[in-house]
Amino acid sequence: MARRRRPAAPKGRDDDVRPIAALGTFGVTSMILMAVMLLAPVVKVGPSEGELAPDFSAQAYSGGEWGDFRLSDLFNKSWAPGGDGDWIVVQYIDTDCPYCWNEGELMSQLHSQWNKEVTFVTVVVELGIQGHDSSRGEVEAFRDKTPYDGCKTNSNCADRPGNPHSWIYIDDLNARTSGDWELPGTPFAALLQPDGIVAWNPQQPGNHPDGEEMGGALQRLVGGS
Amino acid sequence: MALDAPLMIFIAGLAIASAFALQARSKDGEDGTRAMIDSGLTFSVVGLMSSGWTYAIHNSLLDSGESSMCASEGLVQCGSVIGDPEWNNLFGIPWGITGLLSFSLLFFLFLSLRMDMHAKWAESFTTYSLLAGFAGLPFVVFLIFVELTQVEGAPHICPFCTVAHLSLVGFLAAAHALRGRKQSGMWA
């Protein structure tokens, strides 16, 4: 009696197709990426000079109450060198940092000199240092120079050098933007062209005349004041 | 928002992928399995393309502040969703790039199966496909939540993001059906 044989299950190919499939996947993905680059080239975003400043949206205080703010709303993308448009100073501070406290005076001077050509934005972060506990109340008091104990750790905000500041203060106490801005410490201030491209970053002194600070950068790049 | 050409192409892709899946359900054996793999492959290609498109929109929004690739006002739009600096990133990487990489993985798994349905690793690849599809679901739910509640001026619906989300759901359904075929002996 002949033995009945079970039909053999289909067998796979002798060669392993997975490397070829991986190559095919790489090819398809690369083609799509190339098409994307042709349609809309990648824009370099970062705090370095020549890069588009990292955008952020946060709550802002401009004297009355807190409201929505988005940095890129200040950008004029059609700006060309020599054209109209406000330059932007983005300053990072911690209301408990003594250097930021002292810089209040310089910022008042710069603002009074440049406020027609430059929009000032101060972003307030809270550094992870003992005693550096901030709050929106402290941010308001630091900006407005109103009585509040706690600025510069244990000073009264009303004693801050300089005048009350009339520009926007941003609440970034949770430090959500400082990573994108590669914040080296506080105070830190960068100057942006009206189209949002970083024009001056103090961390790149090799690109600037010797010893240039924000005032000199404004004079050199914005001029006319 | 008007149905522009890229969106119509993506929707057509989703329809073709769904047609493959329906065809697969009505067929037994190898033909049905192959049709189901084709369905998943098509879903992953649509996912790849729509992710690439959202990345292109992201780049053009950065470059010029607006994009001709998608509307920037109204309920159905991309500007407030893809252009939102706070939400359109996963650890600093735009969601378009994340989508491209994720759908590449899904495409690789199904392309391998398509090239050799009877390989020894076919069963484990069906499992990996299902797990990878499931892994993407929480992100889809999160992104829909962001669109509807978190972005500036919410709610908004980004049509190209929705195509990518539907692609993942379609792929997951195909992967689930394939695994069912493998386990029930209907593979070939």
# chains A, B, ... in the order shown; residues from 1 in each chain; ligands from 1
>>> residues_around(residues="Ser62 of chain A", least_positions_apart="2", cutoff="9 Å", atoms="only C-alpha atoms", output="MDAnalysis selection string")
chainID A and resid 60 64:67 140 143 166:170
>>> write_last_selection(atoms="C-alpha atoms", output="PDB file, in the first residue's frame")
ATOM      1  CA  ALA A  60       3.577  87.685  27.728  1.00  0.00           C
ATOM      2  CA  GLY A  64      -1.738  95.335  31.908  1.00  0.00           C
ATOM      3  CA  GLU A  65      -2.382  91.651  31.789  1.00  0.00           C
ATOM      4  CA  TRP A  66      -0.824  88.483  30.456  1.00  0.00           C
ATOM      5  CA  GLY A  67      -1.605  87.477  26.892  1.00  0.00           C
ATOM      6  CA  GLU A 140       5.718  91.917  36.753  1.00  0.00           C
ATOM      7  CA  ARG A 143       9.575  94.847  34.723  1.00  0.00           C
ATOM      8  CA  SER A 166       7.838  99.290  28.793  1.00  0.00           C
ATOM      9  CA  TRP A 167       8.461  96.317  26.536  1.00  0.00           C
ATOM     10  CA  ILE A 168       7.149  92.762  26.598  1.00  0.00           C
ATOM     11  CA  TYR A 169       8.263  90.300  29.243  1.00  0.00           C
ATOM     12  CA  ILE A 170       7.757  86.588  28.511  1.00  0.00           C
TER      13      ILE A 170
END
>>> closest_atom_pairs(of="chain B", to="chain A", cutoff="9 Å", atoms="only C-alpha atoms", output="JSON lines")
{"residue": "B:Val45", "atom": "CA", "partner": "A:Val28", "partner_atom": "CA", "distance": 8.8}
{"residue": "B:Leu48", "atom": "CA", "partner": "A:Thr29", "partner_atom": "CA", "distance": 7.4}
{"residue": "B:Met49", "atom": "CA", "partner": "A:Ile32", "partner_atom": "CA", "distance": 6.7}
{"residue": "B:Gly52", "atom": "CA", "partner": "A:Val36", "partner_atom": "CA", "distance": 6.2}
{"residue": "B:Trp53", "atom": "CA", "partner": "A:Val36", "partner_atom": "CA", "distance": 6.9}
{"residue": "B:Tyr55", "atom": "CA", "partner": "A:Val36", "partner_atom": "CA", "distance": 7.3}
{"residue": "B:Ala56", "atom": "CA", "partner": "A:Ala40", "partner_atom": "CA", "distance": 5.2}
{"residue": "B:Ile57", "atom": "CA", "partner": "A:Ala40", "partner_atom": "CA", "distance": 7.4}
{"residue": "B:His58", "atom": "CA", "partner": "A:Ala40", "partner_atom": "CA", "distance": 8.5}
{"residue": "B:Asn59", "atom": "CA", "partner": "A:Val42", "partner_atom": "CA", "distance": 5.6}
{"residue": "B:Ser60", "atom": "CA", "partner": "A:Ala40", "partner_atom": "CA", "distance": 5.4}
{"residue": "B:Leu62", "atom": "CA", "partner": "A:Val43", "partner_atom": "CA", "distance": 6.7}
{"residue": "B:Asp63", "atom": "CA", "partner": "A:Val43", "partner_atom": "CA", "distance": 6.3}
{"residue": "B:Ser64", "atom": "CA", "partner": "A:Lys77", "partner_atom": "CA", "distance": 5.6}
{"residue": "B:Gly65", "atom": "CA", "partner": "A:Lys77", "partner_atom": "CA", "distance": 6.5}
{"residue": "B:Asp84", "atom": "CA", "partner": "A:Ser57", "partner_atom": "CA", "distance": 8.1}
{"residue": "B:Pro85", "atom": "CA", "partner": "A:Phe56", "partner_atom": "CA", "distance": 5.7}
{"residue": "B:Glu86", "atom": "CA", "partner": "A:Phe56", "partner_atom": "CA", "distance": 6.4}
{"residue": "B:Gly92", "atom": "CA", "partner": "A:Asp180", "partner_atom": "CA", "distance": 8.1}
{"residue": "B:Leu100", "atom": "CA", "partner": "A:Thr29", "partner_atom": "CA", "distance": 7.3}
{"residue": "B:Leu101", "atom": "CA", "partner": "A:Thr29", "partner_atom": "CA", "distance": 8.2}
{"residue": "B:Ser104", "atom": "CA", "partner": "A:Thr25", "partner_atom": "CA", "distance": 6.3}
{"residue": "B:Leu105", "atom": "CA", "partner": "A:Thr25", "partner_atom": "CA", "distance": 8.1}
{"residue": "B:Phe107", "atom": "CA", "partner": "A:Thr25", "partner_atom": "CA", "distance": 6.7}
{"residue": "B:Phe108", "atom": "CA", "partner": "A:Thr25", "partner_atom": "CA", "distance": 5.6}
{"residue": "B:Leu109", "atom": "CA", "partner": "A:Ala21", "partner_atom": "CA", "distance": 8.2}
{"residue": "B:Phe110", "atom": "CA", "partner": "A:Ala21", "partner_atom": "CA", "distance": 9.0}
{"residue": "B:Leu111", "atom": "CA", "partner": "A:Ala21", "partner_atom": "CA", "distance": 5.9}
{"residue": "B:Ser112", "atom": "CA", "partner": "A:Ala21", "partner_atom": "CA", "distance": 5.4}
{"residue": "B:Leu113", "atom": "CA", "partner": "A:Arg18", "partner_atom": "CA", "distance": 8.8}
{"residue": "B:Met115", "atom": "CA", "partner": "A:Val17", "partner_atom": "CA", "distance": 6.6}
{"residue": "B:Asp116", "atom": "CA", "partner": "A:Gly12", "partner_atom": "CA", "distance": 6.1}
{"residue": "B:Met117", "atom": "CA", "partner": "A:Gly12", "partner_atom": "CA", "distance": 6.9}
{"residue": "B:His118", "atom": "CA", "partner": "A:Gly12", "partner_atom": "CA", "distance": 4.2}
{"residue": "B:Ala119", "atom": "CA", "partner": "A:Gly12", "partner_atom": "CA", "distance": 4.2}
{"residue": "B:Lys120", "atom": "CA", "partner": "A:Gly12", "partner_atom": "CA", "distance": 7.0}
{"residue": "B:Ala188", "atom": "CA", "partner": "A:Pro10", "partner_atom": "CA", "distance": 7.8}
>>> residues_around(residues="Gly128 of chain A", least_positions_apart="2", cutoff="12 Å", atoms="only C-alpha atoms", output="list in words")
Asp94, Asp96, Cys97, Val125, Glu126, Gln130, Gly131, His132, Asp133, Ser134, Leu173, Asn174, Ala175, Gly185 and Thr186 of chain A
>>> write_last_selection(atoms="N, CA and C atoms", output="PDB file, in the first residue's frame")
ATOM      1  N   ASP A  94      17.059  86.134  34.457  1.00  0.00           N
ATOM      2  CA  ASP A  94      16.467  85.482  35.618  1.00  0.00           C
ATOM      3  C   ASP A  94      16.297  86.623  36.634  1.00  0.00           C
ATOM      4  N   ASP A  96      16.271  86.746  39.595  1.00  0.00           N
ATOM      5  CA  ASP A  96      17.080  86.620  40.807  1.00  0.00           C
ATOM      6  C   ASP A  96      18.580  86.754  40.540  1.00  0.00           C
ATOM      7  N   CYS A  97      18.929  86.891  39.270  1.00  0.00           N
ATOM      8  CA  CYS A  97      20.357  86.938  38.924  1.00  0.00           C
ATOM      9  C   CYS A  97      20.880  88.368  39.050  1.00  0.00           C
ATOM     10  N   VAL A 125      13.538  83.400  32.596  1.00  0.00           N
ATOM     11  CA  VAL A 125      13.669  81.988  32.956  1.00  0.00           C
ATOM     12  C   VAL A 125      14.002  81.895  34.445  1.00  0.00           C
ATOM     13  N   GLU A 126      13.921  80.694  34.966  1.00  0.00           N
ATOM     14  CA  GLU A 126      14.295  80.480  36.368  1.00  0.00           C
ATOM     15  C   GLU A 126      15.446  79.490  36.370  1.00  0.00           C
ATOM     16  N   GLN A 130      19.909  77.580  43.886  1.00  0.00           N
ATOM     17  CA  GLN A 130      19.207  77.763  45.157  1.00  0.00           C
ATOM     18  C   GLN A 130      18.888  79.242  45.384  1.00  0.00           C
ATOM     19  N   GLY A 131      17.673  79.526  45.775  1.00  0.00           N
ATOM     20  CA  GLY A 131      17.251  80.907  46.030  1.00  0.00           C
ATOM     21  C   GLY A 131      16.678  81.588  44.793  1.00  0.00           C
ATOM     22  N   HIS A 132      16.807  80.943  43.633  1.00  0.00           N
ATOM     23  CA  HIS A 132      16.283  81.552  42.400  1.00  0.00           C
ATOM     24  C   HIS A 132      14.857  81.065  42.150  1.00  0.00           C
ATOM     25  N   ASP A 133      13.964  81.462  43.024  1.00  0.00           N
ATOM     26  CA  ASP A 133      12.555  81.098  42.843  1.00  0.00           C
ATOM     27  C   ASP A 133      11.827  82.324  42.330  1.00  0.00           C
ATOM     28  N   SER A 134      11.203  82.177  41.178  1.00  0.00           N
ATOM     29  CA  SER A 134      10.521  83.328  40.605  1.00  0.00           C
ATOM     30  C   SER A 134       9.033  83.030  40.461  1.00  0.00           C
ATOM     31  N   LEU A 173       9.364  80.576  32.789  1.00  0.00           N
ATOM     32  CA  LEU A 173       9.905  80.089  34.067  1.00  0.00           C
ATOM     33  C   LEU A 173      10.109  78.577  34.043  1.00  0.00           C
ATOM     34  N   ASN A 174       9.400  77.903  33.149  1.00  0.00           N
ATOM     35  CA  ASN A 174       9.598  76.453  33.018  1.00  0.00           C
ATOM     36  C   ASN A 174      10.721  76.119  32.040  1.00  0.00           C
ATOM     37  N   ALA A 175      11.380  77.157  31.528  1.00  0.00           N
ATOM     38  CA  ALA A 175      12.546  76.994  30.646  1.00  0.00           C
ATOM     39  C   ALA A 175      12.250  76.114  29.425  1.00  0.00           C
ATOM     40  N   GLY A 185      23.552  81.022  29.930  1.00  0.00           N
ATOM     41  CA  GLY A 185      23.410  81.585  31.267  1.00  0.00           C
ATOM     42  C   GLY A 185      22.648  82.882  31.119  1.00  0.00           C
ATOM     43  N   THR A 186      22.510  83.611  32.216  1.00  0.00           N
ATOM     44  CA  THR A 186      21.809  84.891  32.114  1.00  0.00           C
ATOM     45  C   THR A 186      22.694  85.987  32.707  1.00  0.00           C
TER      46      THR A 186
END
>>> atom_distance(atom1="atom CA of Pro164 of chain A", atom2="atom CA of Val139 of chain A")
12.0 Å
>>> residues_around(residues="Pro6 of chain B", least_positions_apart="3", cutoff="10 Å", atoms="only C-alpha atoms", output="PDB file with C-alpha atoms, in the first residue's frame")
ATOM      1  CA  LEU B   3      -9.482  69.807  -2.289  1.00  0.00           C
ATOM      2  CA  ILE B   9      -3.798  61.998  -4.592  1.00  0.00           C
ATOM      3  CA  PHE B  10      -3.411  61.005  -0.940  1.00  0.00           C
ATOM      4  CA  ILE B  11      -7.136  60.328  -0.590  1.00  0.00           C
ATOM      5  CA  ALA B  12      -7.007  58.235  -3.763  1.00  0.00           C
ATOM      6  CA  MET B  49       4.199  60.764   1.272  1.00  0.00           C
ATOM      7  CA  SER B  50       1.829  62.654   3.550  1.00  0.00           C
ATOM      8  CA  TRP B  53       4.324  66.751   2.603  1.00  0.00           C
ATOM      9  CA  MET B  69       0.812  74.016   0.175  1.00  0.00           C
ATOM     10  CA  CYS B  70      -2.044  74.269   2.639  1.00  0.00           C
ATOM     11  CA  PHE B 160      -2.482  66.121   5.527  1.00  0.00           C
TER      12      PHE B 160
END
>>> atom_distance(atom1="atom CA of Glu147 of chain B", atom2="atom CA of Met8 of chain B")
21.4 Å
>>> closest_residue(among="A:Gln113, A:Ser178, A:Thr146, A:Gln203", to="Ala190 of chain A", atoms="only C-alpha atoms")
A:Gln203
>>> atom_distance(atom1="atom CA of Thr33 of chain B", atom2="atom CA of Gly133 of chain B")
18.1 Å
>>> residues_around(residues="Ser102 of chain B", least_positions_apart="5", cutoff="10 Å", atoms="only C-alpha atoms", output="list in words")
Ser44, Gly47, Leu48, Ser51, Gly96, Ile97, Phe107, Ala132, Gly133, Ala135, Gly136 and Leu168 of chain B
>>> write_last_selection(atoms="C-alpha atoms", output="mmCIF file, in the first residue's frame")
data_model
loop_
_atom_site.group_PDB
_atom_site.id
_atom_site.type_symbol
_atom_site.label_atom_id
_atom_site.label_comp_id
_atom_site.auth_asym_id
_atom_site.auth_seq_id
_atom_site.Cartn_x
_atom_site.Cartn_y
_atom_site.Cartn_z
ATOM 1 C CA SER B 44 2.535 52.926 4.385
ATOM 2 C CA GLY B 47 1.827 57.644 5.145
ATOM 3 C CA LEU B 48 5.354 58.271 3.885
ATOM 4 C CA SER B 51 4.509 62.864 6.268
ATOM 5 C CA GLY B 96 6.874 65.143 9.553
ATOM 6 C CA ILE B 97 10.342 63.613 10.025
ATOM 7 C CA PHE B 107 7.085 49.918 4.728
ATOM 8 C CA ALA B 132 4.748 48.796 15.399
ATOM 9 C CA GLY B 133 1.277 49.849 14.275
ATOM 10 C CA ALA B 135 2.990 51.729 19.033
ATOM 11 C CA GLY B 136 1.982 54.546 16.685
ATOM 12 C CA LEU B 168 -1.484 54.328 10.266
#
>>> select_by_dssp(residues="segment 124-178 of chain A", states="helix (DSSP H, G or I)", output="PyMOL selection string")
chain A and resi 136-144+157-159
>>> write_last_selection(atoms="N, CA and C atoms", output="PDB file, in the first residue's frame")
ATOM      1  N   ARG A 136       5.208  84.860  38.429  1.00  0.00           N
ATOM      2  CA  ARG A 136       4.712  85.923  37.544  1.00  0.00           C
ATOM      3  C   ARG A 136       4.651  87.262  38.271  1.00  0.00           C
ATOM      4  N   GLY A 137       4.331  87.223  39.567  1.00  0.00           N
ATOM      5  CA  GLY A 137       4.284  88.462  40.339  1.00  0.00           C
ATOM      6  C   GLY A 137       5.652  89.136  40.364  1.00  0.00           C
ATOM      7  N   GLU A 138       6.693  88.306  40.504  1.00  0.00           N
ATOM      8  CA  GLU A 138       8.059  88.844  40.543  1.00  0.00           C
ATOM      9  C   GLU A 138       8.465  89.379  39.168  1.00  0.00           C
ATOM     10  N   VAL A 139       8.027  88.688  38.114  1.00  0.00           N
ATOM     11  CA  VAL A 139       8.320  89.139  36.743  1.00  0.00           C
ATOM     12  C   VAL A 139       7.681  90.511  36.514  1.00  0.00           C
ATOM     13  N   GLU A 140       6.429  90.631  36.924  1.00  0.00           N
ATOM     14  CA  GLU A 140       5.718  91.917  36.753  1.00  0.00           C
ATOM     15  C   GLU A 140       6.433  93.023  37.528  1.00  0.00           C
ATOM     16  N   ALA A 141       6.816  92.707  38.757  1.00  0.00           N
ATOM     17  CA  ALA A 141       7.450  93.719  39.592  1.00  0.00           C
ATOM     18  C   ALA A 141       8.826  94.107  39.054  1.00  0.00           C
ATOM     19  N   PHE A 142       9.570  93.121  38.540  1.00  0.00           N
ATOM     20  CA  PHE A 142      10.895  93.400  37.980  1.00  0.00           C
ATOM     21  C   PHE A 142      10.748  94.333  36.785  1.00  0.00           C
ATOM     22  N   ARG A 143       9.774  94.024  35.924  1.00  0.00           N
ATOM     23  CA  ARG A 143       9.575  94.847  34.723  1.00  0.00           C
ATOM     24  C   ARG A 143       9.112  96.256  35.093  1.00  0.00           C
ATOM     25  N   ASP A 144       8.091  96.306  35.982  1.00  0.00           N
ATOM     26  CA  ASP A 144       7.454  97.592  36.294  1.00  0.00           C
ATOM     27  C   ASP A 144       8.202  98.393  37.364  1.00  0.00           C
ATOM     28  N   CYS A 157      12.096  94.676  44.228  1.00  0.00           N
ATOM     29  CA  CYS A 157      12.134  94.904  42.776  1.00  0.00           C
ATOM     30  C   CYS A 157      12.079  96.402  42.443  1.00  0.00           C
ATOM     31  N   ALA A 158      11.519  97.196  43.344  1.00  0.00           N
ATOM     32  CA  ALA A 158      11.399  98.634  43.079  1.00  0.00           C
ATOM     33  C   ALA A 158      12.768  99.302  43.040  1.00  0.00           C
ATOM     34  N   ASP A 159      13.789  98.615  43.607  1.00  0.00           N
ATOM     35  CA  ASP A 159      15.130  99.197  43.653  1.00  0.00           C
ATOM     36  C   ASP A 159      15.982  98.811  42.445  1.00  0.00           C
TER      37      ASP A 159
END
>>> select_by_dssp(residues="segment 22-223 of chain A", states="strand (DSSP E)", output="CSV table (one decimal) with N, CA and C atoms, in the first residue's frame")
chain,number,residue,atom,x,y,z
A,57,SER,N,6.1,80.2,21.5
A,57,SER,CA,4.9,80.9,21.9
A,57,SER,C,4.7,80.7,23.4
A,58,ALA,N,4.3,81.8,24.0
A,58,ALA,CA,4.3,81.8,25.5
A,58,ALA,C,3.4,82.9,25.9
A,59,GLN,N,3.2,83.0,27.2
A,59,GLN,CA,2.4,84.1,27.8
A,59,GLN,C,3.3,85.3,28.0
A,60,ALA,N,2.8,86.5,27.7
A,60,ALA,CA,3.6,87.7,27.7
A,60,ALA,C,2.9,88.7,28.6
A,61,TYR,N,3.7,89.5,29.2
A,61,TYR,CA,3.2,90.6,30.1
A,61,TYR,C,3.7,91.9,29.5
A,66,TRP,N,-1.6,89.5,31.2
A,66,TRP,CA,-0.8,88.5,30.5
A,66,TRP,C,-1.6,88.1,29.2
A,67,GLY,N,-0.9,87.9,28.1
A,67,GLY,CA,-1.6,87.5,26.9
A,67,GLY,C,-0.7,86.6,26.0
A,68,ASP,N,-1.3,86.0,25.0
A,68,ASP,CA,-0.5,85.2,24.1
A,68,ASP,C,0.5,86.0,23.3
A,69,PHE,N,1.7,85.3,23.1
A,69,PHE,CA,2.7,85.9,22.4
A,69,PHE,C,3.4,84.8,21.5
A,70,ARG,N,3.8,85.2,20.3
A,70,ARG,CA,4.6,84.3,19.5
A,70,ARG,C,5.7,85.1,18.8
A,87,TRP,N,14.1,95.7,13.9
A,87,TRP,CA,15.0,94.7,14.4
A,87,TRP,C,14.5,94.2,15.8
A,88,ILE,N,15.0,93.1,16.3
A,88,ILE,CA,14.5,92.6,17.5
A,88,ILE,C,15.6,92.2,18.5
A,89,VAL,N,15.5,92.7,19.7
A,89,VAL,CA,16.5,92.2,20.7
A,89,VAL,C,15.7,91.2,21.6
A,90,VAL,N,16.3,90.0,21.7
A,90,VAL,CA,15.7,89.0,22.6
A,90,VAL,C,16.7,88.9,23.7
A,91,GLN,N,16.2,89.2,24.9
A,91,GLN,CA,17.1,89.2,26.1
A,91,GLN,C,16.6,88.1,27.0
A,92,TYR,N,17.4,87.3,27.5
A,92,TYR,CA,17.1,86.3,28.5
A,92,TYR,C,17.6,86.7,29.9
A,93,ILE,N,16.7,86.7,30.9
A,93,ILE,CA,17.1,87.0,32.2
A,93,ILE,C,16.5,86.1,33.3
A,118,VAL,N,13.9,99.2,17.0
A,118,VAL,CA,14.1,97.9,17.6
A,118,VAL,C,13.0,97.5,18.5
A,119,THR,N,12.5,96.3,18.4
A,119,THR,CA,11.5,95.8,19.3
A,119,THR,C,12.2,95.0,20.4
A,120,PHE,N,12.0,95.3,21.6
A,120,PHE,CA,12.7,94.5,22.7
A,120,PHE,C,11.7,93.5,23.3
A,121,VAL,N,12.3,92.3,23.5
A,121,VAL,CA,11.6,91.2,24.1
A,121,VAL,C,12.5,90.6,25.2
A,122,THR,N,12.0,90.6,26.4
A,122,THR,CA,12.7,89.9,27.5
A,122,THR,C,12.0,88.6,27.9
A,123,VAL,N,12.8,87.6,27.9
A,123,VAL,CA,12.3,86.3,28.3
A,123,VAL,C,12.8,85.9,29.7
A,124,VAL,N,11.9,85.6,30.6
A,124,VAL,CA,12.4,85.4,32.0
A,124,VAL,C,12.4,83.9,32.2
A,149,ASP,N,9.3,92.0,47.3
A,149,ASP,CA,10.5,91.4,47.8
A,149,ASP,C,10.7,90.1,47.2
A,150,GLY,N,11.9,89.9,46.6
A,150,GLY,CA,12.3,88.7,46.0
A,150,GLY,C,13.1,88.8,44.8
A,151,CYS,N,13.2,90.0,44.2
A,151,CYS,CA,14.1,90.1,43.0
A,151,CYS,C,15.5,90.1,43.5
A,155,SER,N,16.0,91.2,47.2
A,155,SER,CA,15.9,92.6,47.2
A,155,SER,C,14.5,93.0,46.7
A,156,ASN,N,14.3,94.3,46.9
A,156,ASN,CA,13.0,94.8,46.5
A,156,ASN,C,13.0,95.2,45.0
A,168,ILE,N,7.8,94.0,26.2
A,168,ILE,CA,7.1,92.8,26.6
A,168,ILE,C,8.1,91.9,27.4
A,169,TYR,N,7.6,91.3,28.5
A,169,TYR,CA,8.3,90.3,29.2
A,169,TYR,C,7.5,89.0,29.0
A,170,ILE,N,8.3,87.9,28.8
A,170,ILE,CA,7.8,86.6,28.5
A,170,ILE,C,8.0,85.7,29.7
A,171,ASP,N,6.9,84.9,30.0
A,171,ASP,CA,7.1,83.9,31.1
A,171,ASP,C,7.6,82.6,30.5
A,188,PHE,N,21.5,87.1,28.8
A,188,PHE,CA,22.0,86.8,27.4
A,188,PHE,C,21.1,87.6,26.5
A,189,ALA,N,21.6,88.2,25.5
A,189,ALA,CA,20.8,89.0,24.6
A,189,ALA,C,21.3,88.8,23.1
A,190,ALA,N,20.4,88.5,22.2
A,190,ALA,CA,20.8,88.4,20.8
A,190,ALA,C,20.0,89.4,20.0
A,191,LEU,N,20.6,89.8,18.9
A,191,LEU,CA,19.9,90.8,18.0
A,191,LEU,C,19.5,90.1,16.7
A,192,LEU,N,18.2,90.2,16.4
A,192,LEU,CA,17.7,89.6,15.2
A,192,LEU,C,17.4,90.6,14.2
A,198,VAL,N,19.2,85.5,13.0
A,198,VAL,CA,20.1,86.0,14.1
A,198,VAL,C,21.2,86.8,13.5
A,199,ALA,N,21.3,88.1,13.9
A,199,ALA,CA,22.4,89.0,13.3
A,199,ALA,C,23.6,89.1,14.2
A,200,TRP,N,23.3,88.9,15.5
A,200,TRP,CA,24.4,89.1,16.5
A,200,TRP,C,24.2,88.2,17.7
>>> closest_residue(among="A:Asn102, A:Glu212, A:Arg220, A:Thr95", to="Asp172 of chain A", atoms="only C-alpha atoms")
A:Thr95
>>> closest_residue(among="B:Val140, B:Val146, B:Ile157, B:Ala21", to="Thr98 of chain B", atoms="only C-alpha atoms")
B:Val140
>>> closest_residue(among="A:Gly27, A:Pro98, A:Gly162, A:Gly50", to="Asn201 of chain A", atoms="only C-alpha atoms")
A:Gly50
>>> decode(residues="segment 95-134 of chain B", atoms="C-alpha atoms", output="PDB file, in the first residue's frame")
ATOM      1  CA  TRP B  95       6.450  65.399  13.335  1.00  0.00           C
ATOM      2  CA  GLY B  96       6.874  65.143   9.553  1.00  0.00           C
ATOM      3  CA  ILE B  97      10.342  63.613  10.025  1.00  0.00           C
ATOM      4  CA  THR B  98       9.060  61.345  12.804  1.00  0.00           C
ATOM      5  CA  GLY B  99       6.296  60.187  10.465  1.00  0.00           C
ATOM      6  CA  LEU B 100       8.749  59.571   7.628  1.00  0.00           C
ATOM      7  CA  LEU B 101      10.970  57.411   9.817  1.00  0.00           C
ATOM      8  CA  SER B 102       8.044  55.517  11.337  1.00  0.00           C
ATOM      9  CA  PHE B 103       6.345  54.757   8.037  1.00  0.00           C
ATOM     10  CA  SER B 104       9.723  53.715   6.615  1.00  0.00           C
ATOM     11  CA  LEU B 105       9.864  50.993   9.247  1.00  0.00           C
ATOM     12  CA  LEU B 106       6.313  49.851   8.459  1.00  0.00           C
ATOM     13  CA  PHE B 107       7.085  49.918   4.728  1.00  0.00           C
ATOM     14  CA  PHE B 108      10.211  47.812   5.265  1.00  0.00           C
ATOM     15  CA  LEU B 109       8.330  45.175   7.253  1.00  0.00           C
ATOM     16  CA  PHE B 110       5.601  44.793   4.649  1.00  0.00           C
ATOM     17  CA  LEU B 111       7.970  45.032   1.686  1.00  0.00           C
ATOM     18  CA  SER B 112       9.997  42.163   3.176  1.00  0.00           C
ATOM     19  CA  LEU B 113       6.809  40.115   3.548  1.00  0.00           C
ATOM     20  CA  ARG B 114       5.750  40.987   0.004  1.00  0.00           C
ATOM     21  CA  MET B 115       9.104  39.870  -1.373  1.00  0.00           C
ATOM     22  CA  ASP B 116       9.064  36.536   0.455  1.00  0.00           C
ATOM     23  CA  MET B 117       5.752  35.527   1.985  1.00  0.00           C
ATOM     24  CA  HIS B 118       7.014  32.074   2.948  1.00  0.00           C
ATOM     25  CA  ALA B 119      10.219  33.014   4.693  1.00  0.00           C
ATOM     26  CA  LYS B 120      10.919  31.611   8.140  1.00  0.00           C
ATOM     27  CA  TRP B 121      10.752  35.094   9.606  1.00  0.00           C
ATOM     28  CA  ALA B 122       7.365  35.913   7.992  1.00  0.00           C
ATOM     29  CA  GLU B 123       5.422  35.135  11.165  1.00  0.00           C
ATOM     30  CA  SER B 124       7.630  37.280  13.369  1.00  0.00           C
ATOM     31  CA  PHE B 125       7.425  40.125  10.828  1.00  0.00           C
ATOM     32  CA  THR B 126       3.620  40.051  10.948  1.00  0.00           C
ATOM     33  CA  THR B 127       3.886  40.334  14.740  1.00  0.00           C
ATOM     34  CA  TYR B 128       6.415  43.181  14.513  1.00  0.00           C
ATOM     35  CA  SER B 129       4.142  44.996  12.038  1.00  0.00           C
ATOM     36  CA  LEU B 130       1.195  44.728  14.390  1.00  0.00           C
ATOM     37  CA  LEU B 131       3.252  45.905  17.373  1.00  0.00           C
ATOM     38  CA  ALA B 132       4.748  48.796  15.399  1.00  0.00           C
ATOM     39  CA  GLY B 133       1.277  49.849  14.275  1.00  0.00           C
ATOM     40  CA  PHE B 134      -0.016  49.714  17.848  1.00  0.00           C
TER      41      PHE B 134
END
